[in-house]
Amino acid sequence: MGAKTLYAKLWDEHVVHLDENGTALLYIDRQLVHEVTSPQAFEGLRLAGRRPWRVAANLAVPDHNVPTRDLAAGITDPVSKIQVETLDSNCAEFGITEFRMSDPRQGVVHVIGPEQGFTLPGTTVVCGDSHTSTHGAFGALAFGIGTSEVEHVLATQCLIQRKSKTLLISIDGQVGPGVTAKDIVLAIIGEIGTAGGTGSVIEFAGDAIRALSMEGRMTVCNMAIEAGARAGLIGVDEKTIDYLRGRPYAPAGDLFEQGAAHWRTLVSDPDAHFDRVVRMDAAKIQPQVTWGTSPEMVVPIDGQVPDPRDEQDPVRAEGIRRALDYMGLEAGTAIRDIRPDKIFIGSCTNSRIEDLRAAAEVVKGRKVADSIQLALVVPGSGLVKAQAEAEGLDRIFTEAGFEWREPGCSMCLAMNADRLEPGERCASTSNRNFEGRQGQGGRTHLVSPAMAAAAAVTGHFVDVREL
Amino acid sequence: MEPFQNFTGIVAPLDRSNVDTDAIIPKQFLKSIARTGFGPYLFDELRYLDHGEPGMDCTHRPVNPTFVLNDPRYANAQILLARENFGCGSSREHAPWAIADFGLRVIIAPSFADIFHNNCFKNGLLPIVLAPTIVDDLFARAGGPQALRVEVDLPGQVLVLDDGTRIAFEVDAGNKERLLKGLDDIGVTLEQGAAIRAYEERRRREAPWLFVAPPPGLGV
């Protein structure tokens with residue numbers, strides 16, 4: 001057997017059956033479930049009289065619809081309320097563990113999976129949510145699926161899959177101080193485009209990726225989907241293993257060490273073949289800010305809003321024109337001259353403890369600029385919130401004028417009450433700047449937590465390294 | 001799922017790239033716990049001039065006259081023509097549910113986002129990938145004063161335009177069979193139940209750390 005990529009190793013370990021038409025029945029070790037993409041799947045089970053194949057393989061949490069304040073009052077939107085209650089009743093009926101809204105462990109599904117040690121190296125992890133790619137940071141094959149597939153996994157513990165192509169993205173050398181995982185992944189998407197990874201699983205490698213904490217690696221893999229990839233992957237090292245030791249759902253004692261011995265093999269072999277390789281120089285990556293309505297519409301902080309007249313391809317030029325119109329921006333505007341109305345620090349991309357620490361470091365001793373109407377910090381989970389409070393981060397934020405909220409998806413997709421009004425501009429640590437994503441007519445600029453904090457205290461985008 | 005039948009339908013050209021699933025069905029409609037009823041809200045923010053909310057009666061809402069699906073030429077269109085990376089973003093299956101509920105059955109584009117592409121086949125929708133130059137030509141034809149009518153022949157894997165031009169397309173053999181037979185995937189997979197159980201038994205021996213009992217609950 002020749003040299004194998006990490007993806008090939010994970011794939012081979014999970015094939016239950018190979019069909020003659022080239023598809024594989026792939027075993028799924030872990031499924032995360034949330035309230036938005038699961039009700040129709042449970043209903044399908046009920047209608048067919050089926051039960052979950054392996055109940056313990058599932059972990060559920062409401063996150064998309066949950067309010068981020070006045071939790072005692074419950075959910076006021078009756079439609080959101082029904083959806084969360086439906087998750088509660090479905091999990092109770094089928095015996096699936098759920099961290100309910102009142103549970104201190106509740107949070108964004110892609111934060112709690114790793115936090116609980118539910119996500120383990122060498123597993124297949126799925127969820128009815130595209131940002132499931134996050135879990136690839138642990139050397140797990142993790143990808144988002146639709147509701148029909150959620151039902152399929154519940155009923156059979158398997159999925160019908162076809163093997164993807166492989167794309168290695170190597171970030172060589174080290175990034176400079178003040179340049180974060182978010183900047184790395186935005187720069188990657190700017191380089192290869194939002195369809196650059198379509199049909200592929202991306203493995204992120206190189207010294208700059210190795211140097212990232214697990215939180216940073218999760219940020220990078222989280223946005224693999226924004227590059228169109230089926231999944232993002234990072235090989236296992238001691239950081240991966242140390243992160244998992246002692247987590248509630250991880251194995252303990254000898255079993256952990258047995259697992260760890262196997263996990264250390266979960267890297268691509270040195271001479272493994274990838275279908276495509278992209279190399280980028282880490283030292284050239286600057287703090288990034290998106291200006292448009294697709295994550296690939298991104299430039300360094302020193303950059304300017306592009307001019308559609310400079311674009312040769314007519315479809316792309318029209319895309320830029322439409323984005324400028326939607327974003328209310330003029331071609332040639334310096335990114336530093338763009339002034340957000342709101343600040344959102346949160347989401348499955350950037351709501352972990354390290355993200356909150358990075359933002360708090362910038363905010364400490366400063367005040368949110370008068371021109372900012374609302375600055376929100378939404379921790380990724382109840383446990384992240386408690387940790388941040390133990391470190392005093394909440395006071396740094398609130399003394400500066402930020403609102404310190406309860407965990408949830410919040411203004412990343414505005415399914416709860418946290419949203420932009422038409423025309424409002426937001427510096428956001430989330431993952432999508434699509435039209436209407438944060439509220440109809442809302443204008444999103446994607447940035448790192450430190451850059452969002454810097455915009456909050458100055459009132460405009462600024463290079464955080466200059467503060 | 002109903003088996004996919006050949007048909008001849010009108011092509012509606014949606015001339016923008018990177019159409020994301022937030023655009024196909026905005027988030028407020030994801031609060032439904034049903035699988036049906038999304039058609040009236042398909043492309044809600046592009047299609048209507050007011051803000052849509054679930055349960056709204058759409059028959060009297062102000063429509064955006066410049067949006068392709070509001071153009072009388074494309075009334076009752078069954079084929080959507082789109083640009084690169086159609087269906088990117090969120091994994092929401094509400095997107096293909098809305099498209100199918102609206103009455104569309106085929107989407108043609110130079111490329112699709114993976115999850116959306118997968119989701120289509122679970123819902124009787126056929127996504128067809130064609131070369132960018134062919135898609136350009138179809139946009140030119142579909143944008144004329146007379147709507148373009150195309151016959152979709154899935155068993156033959158060919159599109160036949162109204163002037164007789166034939167365009168062959170590729171489709172994964174498994175997905176093709178699934179559409180043509182209207183297969184229930186879960187039922188098919190459960191036929192492999194013995195193989196799944198054998199795999200699990202082997203994994204319990206080889207990777208026992210994957211099967212530890214979950215921690216006790218916090219009593220919430």
# chains A, B, ... in the order shown; residues from 1 in each chain; ligands from 1
call {"tool": "closest_atom_pairs", "arguments": {"of": "chain B", "to": "chain A", "cutoff": "7 Å", "atoms": "only C-alpha atoms", "output": "JSON lines"}}
result
{"residue": "B:Asp22", "atom": "CA", "partner": "A:Arg437", "partner_atom": "CA", "distance": 6.7}
{"residue": "B:Lys27", "atom": "CA", "partner": "A:Met415", "partner_atom": "CA", "distance": 6.1}
{"residue": "B:Gln28", "atom": "CA", "partner": "A:Met415", "partner_atom": "CA", "distance": 6.2}
{"residue": "B:Leu30", "atom": "CA", "partner": "A:Val36", "partner_atom": "CA", "distance": 6.4}
{"residue": "B:Lys31", "atom": "CA", "partner": "A:Ser80", "partner_atom": "CA", "distance": 5.9}
{"residue": "B:Ile33", "atom": "CA", "partner": "A:Pro39", "partner_atom": "CA", "distance": 5.4}
{"residue": "B:Ala34", "atom": "CA", "partner": "A:Gln40", "partner_atom": "CA", "distance": 6.1}
{"residue": "B:Arg35", "atom": "CA", "partner": "A:Gln40", "partner_atom": "CA", "distance": 6.2}
{"residue": "B:Asn85", "atom": "CA", "partner": "A:Ala195", "partner_atom": "CA", "distance": 6.0}
{"residue": "B:Gly89", "atom": "CA", "partner": "A:Glu226", "partner_atom": "CA", "distance": 6.8}
{"residue": "B:Ser90", "atom": "CA", "partner": "A:Ser130", "partner_atom": "CA", "distance": 5.3}
{"residue": "B:Ser91", "atom": "CA", "partner": "A:Ser130", "partner_atom": "CA", "distance": 4.9}
{"residue": "B:Arg92", "atom": "CA", "partner": "A:Gly146", "partner_atom": "CA", "distance": 6.0}
{"residue": "B:Glu93", "atom": "CA", "partner": "A:Gly146", "partner_atom": "CA", "distance": 5.1}
{"residue": "B:Ala113", "atom": "CA", "partner": "A:Gly228", "partner_atom": "CA", "distance": 6.3}
{"residue": "B:Asp114", "atom": "CA", "partner": "A:Gly199", "partner_atom": "CA", "distance": 6.4}
{"residue": "B:Ile115", "atom": "CA", "partner": "A:Ile145", "partner_atom": "CA", "distance": 6.3}
{"residue": "B:Asn119", "atom": "CA", "partner": "A:Gly146", "partner_atom": "CA", "distance": 5.9}
{"residue": "B:Lys122", "atom": "CA", "partner": "A:Ser148", "partner_atom": "CA", "distance": 6.7}
{"residue": "B:Ala173", "atom": "CA", "partner": "A:Asn21", "partner_atom": "CA", "distance": 6.4}
{"residue": "B:Gly174", "atom": "CA", "partner": "A:Asn21", "partner_atom": "CA", "distance": 6.3}
{"residue": "B:Ile186", "atom": "CA", "partner": "A:His152", "partner_atom": "CA", "distance": 5.6}
{"residue": "B:Thr189", "atom": "CA", "partner": "A:Thr156", "partner_atom": "CA", "distance": 6.9}
{"residue": "B:Leu190", "atom": "CA", "partner": "A:Thr156", "partner_atom": "CA", "distance": 6.4}
{"residue": "B:Ala195", "atom": "CA", "partner": "A:Val16", "partner_atom": "CA", "distance": 6.5}
{"residue": "B:Ile196", "atom": "CA", "partner": "A:Val16", "partner_atom": "CA", "distance": 6.2}
{"residue": "B:Tyr199", "atom": "CA", "partner": "A:Val16", "partner_atom": "CA", "distance": 6.2}
{"residue": "B:Trp209", "atom": "CA", "partner": "A:Leu255", "partner_atom": "CA", "distance": 5.5}
{"residue": "B:Val212", "atom": "CA", "partner": "A:Pro251", "partner_atom": "CA", "distance": 6.2}
{"residue": "B:Pro214", "atom": "CA", "partner": "A:Tyr249", "partner_atom": "CA", "distance": 5.8}
{"residue": "B:Pro215", "atom": "CA", "partner": "A:Pro248", "partner_atom": "CA", "distance": 6.2}
{"residue": "B:Val220", "atom": "CA", "partner": "A:Asp103", "partner_atom": "CA", "distance": 6.1}
call {"tool": "write_last_selection", "arguments": {"atoms": "N, CA, C and O atoms", "output": "short mmCIF file (atom, residue, chain, number, x, y, z; two decimals), in the first residue's frame"}}
result
data_model
loop_
_atom_site.label_atom_id
_atom_site.label_comp_id
_atom_site.auth_asym_id
_atom_site.auth_seq_id
_atom_site.Cartn_x
_atom_site.Cartn_y
_atom_site.Cartn_z
N ASP B 22 -29.04 31.08 1.31
CA ASP B 22 -29.74 32.17 2.02
C ASP B 22 -30.62 32.95 1.03
O ASP B 22 -31.70 33.41 1.38
N LYS B 27 -33.56 32.90 5.97
CA LYS B 27 -33.54 32.21 7.25
C LYS B 27 -34.86 32.18 7.99
O LYS B 27 -35.16 31.22 8.68
N GLN B 28 -35.69 33.23 7.85
CA GLN B 28 -36.92 33.26 8.65
C GLN B 28 -37.86 32.10 8.30
O GLN B 28 -38.67 31.69 9.11
N LEU B 30 -36.85 29.11 7.71
CA LEU B 30 -36.28 27.86 8.21
C LEU B 30 -36.88 27.46 9.55
O LEU B 30 -36.56 26.40 10.10
N LYS B 31 -37.73 28.32 10.08
CA LYS B 31 -38.32 28.00 11.39
C LYS B 31 -39.46 27.00 11.26
O LYS B 31 -39.95 26.50 12.26
N ILE B 33 -41.33 23.56 10.77
CA ILE B 33 -40.95 22.19 11.06
C ILE B 33 -41.53 21.24 10.01
O ILE B 33 -41.44 20.02 10.15
N ALA B 34 -42.10 21.80 8.93
CA ALA B 34 -42.65 20.99 7.84
C ALA B 34 -41.66 20.95 6.68
O ALA B 34 -40.67 21.68 6.64
N ARG B 35 -41.93 20.08 5.74
CA ARG B 35 -41.09 19.91 4.56
C ARG B 35 -41.67 20.60 3.35
O ARG B 35 -41.05 20.64 2.29
N ASN B 85 -21.27 27.95 -9.16
CA ASN B 85 -21.33 27.77 -7.70
C ASN B 85 -22.74 27.97 -7.17
O ASN B 85 -22.94 28.52 -6.08
N GLY B 89 -23.08 27.93 0.33
CA GLY B 89 -23.45 28.40 1.67
C GLY B 89 -24.10 27.31 2.50
O GLY B 89 -23.69 26.15 2.46
N SER B 90 -25.08 27.71 3.25
CA SER B 90 -25.76 26.86 4.23
C SER B 90 -26.24 25.54 3.62
O SER B 90 -26.65 25.48 2.46
N SER B 91 -26.24 24.49 4.46
CA SER B 91 -26.65 23.15 4.01
C SER B 91 -28.16 22.98 3.94
O SER B 91 -28.63 21.92 3.57
N ARG B 92 -28.90 24.00 4.28
CA ARG B 92 -30.36 23.90 4.42
C ARG B 92 -31.03 23.18 3.24
O ARG B 92 -30.94 23.61 2.11
N GLU B 93 -31.70 22.10 3.54
CA GLU B 93 -32.43 21.37 2.49
C GLU B 93 -33.70 22.11 2.13
O GLU B 93 -34.36 21.79 1.13
N ALA B 113 -22.59 23.93 -5.65
CA ALA B 113 -21.97 23.64 -4.36
C ALA B 113 -22.34 22.20 -3.97
O ALA B 113 -23.44 21.73 -4.26
N ASP B 114 -21.40 21.51 -3.32
CA ASP B 114 -21.54 20.07 -3.07
C ASP B 114 -22.79 19.67 -2.29
O ASP B 114 -23.49 18.74 -2.66
N ILE B 115 -23.03 20.35 -1.17
CA ILE B 115 -24.13 19.90 -0.30
C ILE B 115 -25.46 20.11 -1.01
O ILE B 115 -26.33 19.24 -1.02
N ASN B 119 -28.31 17.42 -1.98
CA ASN B 119 -29.68 17.59 -1.49
C ASN B 119 -30.69 17.52 -2.62
O ASN B 119 -31.82 17.07 -2.42
N LYS B 122 -32.04 14.10 -3.37
CA LYS B 122 -32.92 13.54 -2.34
C LYS B 122 -34.35 14.04 -2.51
O LYS B 122 -35.24 13.63 -1.77
N ALA B 173 -24.18 7.63 -11.81
CA ALA B 173 -25.06 6.49 -12.07
C ALA B 173 -26.00 6.21 -10.89
O ALA B 173 -27.19 5.93 -11.08
N GLY B 174 -25.47 6.33 -9.68
CA GLY B 174 -26.29 6.06 -8.49
C GLY B 174 -27.41 7.09 -8.36
O GLY B 174 -28.56 6.76 -8.08
N ILE B 186 -33.01 5.25 2.55
CA ILE B 186 -32.87 4.59 3.85
C ILE B 186 -33.22 3.11 3.72
O ILE B 186 -32.50 2.24 4.24
N THR B 189 -30.34 1.37 2.10
CA THR B 189 -29.19 1.21 3.01
C THR B 189 -29.46 0.15 4.07
O THR B 189 -28.57 -0.63 4.42
N LEU B 190 -30.70 0.10 4.56
CA LEU B 190 -31.01 -0.87 5.61
C LEU B 190 -30.89 -2.32 5.10
O LEU B 190 -30.74 -3.25 5.88
N ALA B 195 -24.07 -5.83 7.15
CA ALA B 195 -22.73 -5.28 6.92
C ALA B 195 -22.45 -4.15 7.90
O ALA B 195 -21.33 -4.01 8.40
N ILE B 196 -23.46 -3.35 8.19
CA ILE B 196 -23.28 -2.23 9.13
C ILE B 196 -22.98 -2.79 10.52
O ILE B 196 -22.08 -2.34 11.21
N TYR B 199 -19.49 -4.21 10.66
CA TYR B 199 -18.51 -3.12 10.73
C TYR B 199 -18.42 -2.61 12.17
O TYR B 199 -17.33 -2.41 12.70
N TRP B 209 -12.19 3.07 21.98
CA TRP B 209 -12.32 4.42 22.53
C TRP B 209 -13.45 5.20 21.88
O TRP B 209 -13.86 6.24 22.39
N VAL B 212 -17.17 4.64 24.12
CA VAL B 212 -17.33 4.80 25.57
C VAL B 212 -18.72 5.36 25.87
O VAL B 212 -19.30 6.09 25.06
N PRO B 214 -21.54 7.69 27.25
CA PRO B 214 -21.55 9.13 27.50
C PRO B 214 -21.57 9.43 28.99
O PRO B 214 -22.00 8.59 29.79
N PRO B 215 -21.05 10.59 29.39
CA PRO B 215 -21.04 10.95 30.81
C PRO B 215 -22.46 11.11 31.31
O PRO B 215 -23.37 11.36 30.53
N VAL B 220 -30.53 18.19 34.08
CA VAL B 220 -31.29 19.38 33.66
C VAL B 220 -32.56 18.95 32.94
O VAL B 220 -32.52 18.06 32.13
#
call {"tool": "residues_around", "arguments": {"residues": "stretch 46-61 of chain B", "least_positions_apart": "4", "cutoff": "8 Å", "atoms": "only C-alpha atoms", "output": "list in words"}}
result
Gln440 of chain A; Ala23, Gln28, Phe29, Ser32, Pro40, Tyr41, Leu42, Phe67, Leu69 and Asn70 of chain B
call {"tool": "select_by_dssp", "arguments": {"residues": "stretch 80-173 of chain B", "states": "strand (DSSP E or B)", "output": "list in words"}}
result
Leu80, Leu81, Phe86, Cys88, Val106, Ile107, Ile108, Ala109, Phe112, Leu126, Pro127, Ile128, Val129, Arg149, Val150, Glu151, Val152, Asp153, Val158, Leu159, Val160, Leu161, Arg166, Ile167 and Ala168 of chain B
call {"tool": "write_last_selection", "arguments": {"atoms": "N, CA and C atoms", "output": "PDB file, in the first residue's frame"}}
result
ATOM      1  N   LEU B  80     -34.385  25.871 -14.279  1.00  0.00           N
ATOM      2  CA  LEU B  80     -33.697  27.092 -13.886  1.00  0.00           C
ATOM      3  C   LEU B  80     -32.287  27.049 -14.460  1.00  0.00           C
ATOM      4  N   LEU B  81     -31.902  28.126 -15.143  1.00  0.00           N
ATOM      5  CA  LEU B  81     -30.556  28.239 -15.699  1.00  0.00           C
ATOM      6  C   LEU B  81     -29.779  29.194 -14.810  1.00  0.00           C
ATOM      7  N   PHE B  86     -23.729  27.498  -7.920  1.00  0.00           N
ATOM      8  CA  PHE B  86     -25.121  27.652  -7.486  1.00  0.00           C
ATOM      9  C   PHE B  86     -25.364  26.816  -6.228  1.00  0.00           C
ATOM     10  N   CYS B  88     -24.427  27.630  -3.048  1.00  0.00           N
ATOM     11  CA  CYS B  88     -23.357  27.652  -2.048  1.00  0.00           C
ATOM     12  C   CYS B  88     -23.904  28.117  -0.694  1.00  0.00           C
ATOM     13  N   VAL B 106     -35.484  20.965 -12.795  1.00  0.00           N
ATOM     14  CA  VAL B 106     -34.110  20.835 -13.285  1.00  0.00           C
ATOM     15  C   VAL B 106     -33.401  22.170 -13.088  1.00  0.00           C
ATOM     16  N   ILE B 107     -32.134  22.122 -12.680  1.00  0.00           N
ATOM     17  CA  ILE B 107     -31.306  23.325 -12.593  1.00  0.00           C
ATOM     18  C   ILE B 107     -30.064  23.062 -13.435  1.00  0.00           C
ATOM     19  N   ILE B 108     -29.760  24.017 -14.302  1.00  0.00           N
ATOM     20  CA  ILE B 108     -28.570  23.896 -15.149  1.00  0.00           C
ATOM     21  C   ILE B 108     -27.587  24.974 -14.727  1.00  0.00           C
ATOM     22  N   ALA B 109     -26.338  24.602 -14.490  1.00  0.00           N
ATOM     23  CA  ALA B 109     -25.316  25.580 -14.112  1.00  0.00           C
ATOM     24  C   ALA B 109     -23.939  25.030 -14.472  1.00  0.00           C
ATOM     25  N   PHE B 112     -22.066  23.482  -9.186  1.00  0.00           N
ATOM     26  CA  PHE B 112     -22.942  23.550  -8.014  1.00  0.00           C
ATOM     27  C   PHE B 112     -22.108  23.369  -6.753  1.00  0.00           C
ATOM     28  N   LEU B 126     -33.146  17.479 -10.544  1.00  0.00           N
ATOM     29  CA  LEU B 126     -31.975  17.083 -11.319  1.00  0.00           C
ATOM     30  C   LEU B 126     -31.082  18.307 -11.557  1.00  0.00           C
ATOM     31  N   PRO B 127     -29.907  18.358 -10.910  1.00  0.00           N
ATOM     32  CA  PRO B 127     -28.942  19.420 -11.216  1.00  0.00           C
ATOM     33  C   PRO B 127     -28.048  18.959 -12.370  1.00  0.00           C
ATOM     34  N   ILE B 128     -27.940  19.787 -13.397  1.00  0.00           N
ATOM     35  CA  ILE B 128     -27.147  19.418 -14.577  1.00  0.00           C
ATOM     36  C   ILE B 128     -25.977  20.382 -14.715  1.00  0.00           C
ATOM     37  N   VAL B 129     -24.767  19.834 -14.771  1.00  0.00           N
ATOM     38  CA  VAL B 129     -23.567  20.651 -14.970  1.00  0.00           C
ATOM     39  C   VAL B 129     -23.232  20.667 -16.458  1.00  0.00           C
ATOM     40  N   ARG B 149     -37.686  26.550 -24.773  1.00  0.00           N
ATOM     41  CA  ARG B 149     -38.271  25.306 -24.265  1.00  0.00           C
ATOM     42  C   ARG B 149     -37.270  24.174 -24.482  1.00  0.00           C
ATOM     43  N   VAL B 150     -37.094  23.373 -23.474  1.00  0.00           N
ATOM     44  CA  VAL B 150     -36.102  22.300 -23.533  1.00  0.00           C
ATOM     45  C   VAL B 150     -36.733  20.996 -23.062  1.00  0.00           C
ATOM     46  N   GLU B 151     -36.440  19.934 -23.820  1.00  0.00           N
ATOM     47  CA  GLU B 151     -36.881  18.602 -23.387  1.00  0.00           C
ATOM     48  C   GLU B 151     -35.759  17.982 -22.560  1.00  0.00           C
ATOM     49  N   VAL B 152     -36.097  17.478 -21.393  1.00  0.00           N
ATOM     50  CA  VAL B 152     -35.115  16.832 -20.524  1.00  0.00           C
ATOM     51  C   VAL B 152     -35.331  15.330 -20.585  1.00  0.00           C
ATOM     52  N   ASP B 153     -34.313  14.617 -21.072  1.00  0.00           N
ATOM     53  CA  ASP B 153     -34.374  13.158 -21.174  1.00  0.00           C
ATOM     54  C   ASP B 153     -33.319  12.587 -20.235  1.00  0.00           C
ATOM     55  N   VAL B 158     -29.733  13.566 -22.096  1.00  0.00           N
ATOM     56  CA  VAL B 158     -29.624  14.573 -23.149  1.00  0.00           C
ATOM     57  C   VAL B 158     -30.717  15.627 -22.988  1.00  0.00           C
ATOM     58  N   LEU B 159     -30.349  16.861 -23.322  1.00  0.00           N
ATOM     59  CA  LEU B 159     -31.313  17.948 -23.410  1.00  0.00           C
ATOM     60  C   LEU B 159     -31.566  18.198 -24.892  1.00  0.00           C
ATOM     61  N   VAL B 160     -32.824  18.392 -25.263  1.00  0.00           N
ATOM     62  CA  VAL B 160     -33.139  18.701 -26.647  1.00  0.00           C
ATOM     63  C   VAL B 160     -33.782  20.084 -26.688  1.00  0.00           C
ATOM     64  N   LEU B 161     -33.100  21.031 -27.342  1.00  0.00           N
ATOM     65  CA  LEU B 161     -33.615  22.387 -27.421  1.00  0.00           C
ATOM     66  C   LEU B 161     -34.717  22.475 -28.472  1.00  0.00           C
ATOM     67  N   ARG B 166     -29.095  19.055 -29.627  1.00  0.00           N
ATOM     68  CA  ARG B 166     -29.027  18.069 -28.546  1.00  0.00           C
ATOM     69  C   ARG B 166     -27.773  18.328 -27.701  1.00  0.00           C
ATOM     70  N   ILE B 167     -27.947  18.380 -26.400  1.00  0.00           N
ATOM     71  CA  ILE B 167     -26.821  18.615 -25.485  1.00  0.00           C
ATOM     72  C   ILE B 167     -26.767  17.454 -24.498  1.00  0.00           C
ATOM     73  N   ALA B 168     -25.692  16.678 -24.579  1.00  0.00           N
ATOM     74  CA  ALA B 168     -25.539  15.539 -23.667  1.00  0.00           C
ATOM     75  C   ALA B 168     -25.081  16.045 -22.304  1.00  0.00           C
TER      76      ALA B 168
END
call {"tool": "residues_around", "arguments": {"residues": "B:Glu84", "least_positions_apart": "2", "cutoff": "6 Å", "atoms": "only C-alpha atoms", "output": "PyMOL selection string"}}
result
chain B and resi 17-18+86+110-111
call {"tool": "closest_residue", "arguments": {"among": "B:Gly39, B:Gly87, B:Gly144, B:Pro3", "to": "B:Glu177", "atoms": "only C-alpha atoms"}}
result
B:Pro3
call {"tool": "residues_around", "arguments": {"residues": "A:Thr429", "least_positions_apart": "4", "cutoff": "6 Å", "atoms": "only C-alpha atoms", "output": "list in words"}}
result
Ile345, Asn350, Leu446, Val447, Ser448 and Pro449 of chain A
call {"tool": "select_by_dssp", "arguments": {"residues": "stretch 28-118 of chain B", "states": "helix (DSSP H, G or I)", "output": "number ranges by chain"}}
result
B: 28-31, 39-41, 44-47, 58-60, 68-70, 72-74, 94-102, 114-118
call {"tool": "write_last_selection", "arguments": {"atoms": "N, CA and C atoms", "output": "short mmCIF file (atom, residue, chain, number, x, y, z; two decimals), in the first residue's frame"}}
result
data_model
loop_
_atom_site.label_atom_id
_atom_site.label_comp_id
_atom_site.auth_asym_id
_atom_site.auth_seq_id
_atom_site.Cartn_x
_atom_site.Cartn_y
_atom_site.Cartn_z
N GLN B 28 -35.69 33.23 7.85
CA GLN B 28 -36.92 33.26 8.65
C GLN B 28 -37.86 32.10 8.30
N PHE B 29 -37.69 31.58 7.07
CA PHE B 29 -38.57 30.47 6.67
C PHE B 29 -38.06 29.12 7.16
N LEU B 30 -36.85 29.11 7.71
CA LEU B 30 -36.28 27.86 8.21
C LEU B 30 -36.88 27.46 9.55
N LYS B 31 -37.73 28.32 10.08
CA LYS B 31 -38.32 28.00 11.39
C LYS B 31 -39.46 27.00 11.26
N GLY B 39 -42.48 26.97 -1.45
CA GLY B 39 -42.47 27.49 -2.82
C GLY B 39 -42.80 28.97 -2.93
N PRO B 40 -43.85 29.47 -2.24
CA PRO B 40 -44.19 30.89 -2.37
C PRO B 40 -43.08 31.82 -1.88
N TYR B 41 -42.14 31.29 -1.09
CA TYR B 41 -41.08 32.13 -0.53
C TYR B 41 -39.72 31.90 -1.21
N ASP B 44 -37.18 34.79 -1.83
CA ASP B 44 -38.10 35.81 -1.29
C ASP B 44 -37.56 37.24 -1.40
N GLU B 45 -36.29 37.43 -1.02
CA GLU B 45 -35.78 38.82 -0.99
C GLU B 45 -35.54 39.37 -2.39
N LEU B 46 -35.36 38.50 -3.37
CA LEU B 46 -35.17 38.96 -4.74
C LEU B 46 -36.51 39.12 -5.45
N ARG B 47 -37.46 38.32 -5.02
CA ARG B 47 -38.71 38.18 -5.77
C ARG B 47 -39.76 39.22 -5.37
N CYS B 58 -48.78 35.34 -0.01
CA CYS B 58 -47.93 36.03 -0.99
C CYS B 58 -48.70 36.57 -2.19
N THR B 59 -50.00 36.27 -2.27
CA THR B 59 -50.72 36.62 -3.50
C THR B 59 -50.86 38.13 -3.68
N HIS B 60 -50.80 38.89 -2.59
CA HIS B 60 -50.96 40.35 -2.74
C HIS B 60 -49.68 41.11 -2.42
N VAL B 68 -36.35 37.47 -12.50
CA VAL B 68 -36.66 36.57 -13.62
C VAL B 68 -37.94 35.75 -13.42
N LEU B 69 -38.19 35.28 -12.22
CA LEU B 69 -39.36 34.42 -12.03
C LEU B 69 -40.67 35.22 -12.04
N ASN B 70 -40.55 36.56 -12.03
CA ASN B 70 -41.74 37.40 -12.15
C ASN B 70 -42.00 37.82 -13.59
N PRO B 72 -43.31 37.44 -17.19
CA PRO B 72 -44.37 36.58 -17.76
C PRO B 72 -43.84 35.54 -18.76
N ARG B 73 -42.70 35.85 -19.40
CA ARG B 73 -42.14 34.87 -20.35
C ARG B 73 -41.82 33.55 -19.65
N TYR B 74 -41.49 33.65 -18.36
CA TYR B 74 -41.01 32.45 -17.67
C TYR B 74 -42.03 31.88 -16.69
N HIS B 94 -34.03 23.11 2.93
CA HIS B 94 -35.17 23.97 2.61
C HIS B 94 -34.99 24.60 1.23
N ALA B 95 -33.73 24.74 0.77
CA ALA B 95 -33.48 25.33 -0.55
C ALA B 95 -34.04 24.44 -1.66
N PRO B 96 -33.61 23.18 -1.75
CA PRO B 96 -34.25 22.32 -2.77
C PRO B 96 -35.74 22.08 -2.51
N TRP B 97 -36.15 22.08 -1.23
CA TRP B 97 -37.60 21.93 -0.97
C TRP B 97 -38.36 23.11 -1.61
N ALA B 98 -37.82 24.31 -1.44
CA ALA B 98 -38.50 25.49 -2.00
C ALA B 98 -38.50 25.45 -3.52
N ILE B 99 -37.38 25.04 -4.09
CA ILE B 99 -37.27 24.99 -5.56
C ILE B 99 -38.26 23.98 -6.13
N ALA B 100 -38.31 22.81 -5.49
CA ALA B 100 -39.23 21.76 -5.97
C ALA B 100 -40.68 22.17 -5.74
N ASP B 101 -40.95 22.77 -4.60
CA ASP B 101 -42.31 23.19 -4.26
C ASP B 101 -42.81 24.26 -5.22
N PHE B 102 -41.90 25.09 -5.71
CA PHE B 102 -42.24 26.13 -6.68
C PHE B 102 -42.63 25.52 -8.01
N ASP B 114 -21.40 21.51 -3.32
CA ASP B 114 -21.54 20.07 -3.07
C ASP B 114 -22.79 19.67 -2.29
N ILE B 115 -23.03 20.35 -1.17
CA ILE B 115 -24.13 19.90 -0.30
C ILE B 115 -25.46 20.11 -1.01
N PHE B 116 -25.61 21.28 -1.65
CA PHE B 116 -26.84 21.55 -2.39
C PHE B 116 -27.05 20.50 -3.48
N HIS B 117 -25.98 20.20 -4.21
CA HIS B 117 -26.04 19.22 -5.29
C HIS B 117 -26.56 17.88 -4.77
N ASN B 118 -26.02 17.45 -3.63
CA ASN B 118 -26.48 16.22 -2.97
C ASN B 118 -27.94 16.30 -2.60
#
call {"tool": "atom_distance", "arguments": {"atom1": "atom CA of A:Gly332", "atom2": "atom CA of A:Val305"}}
result
5.0 Å
call {"tool": "closest_residue", "arguments": {"among": "A:Gly346, A:Thr68, A:Arg245, A:Val33", "to": "A:Asp88", "atoms": "only C-alpha atoms"}}
result
A:Val33
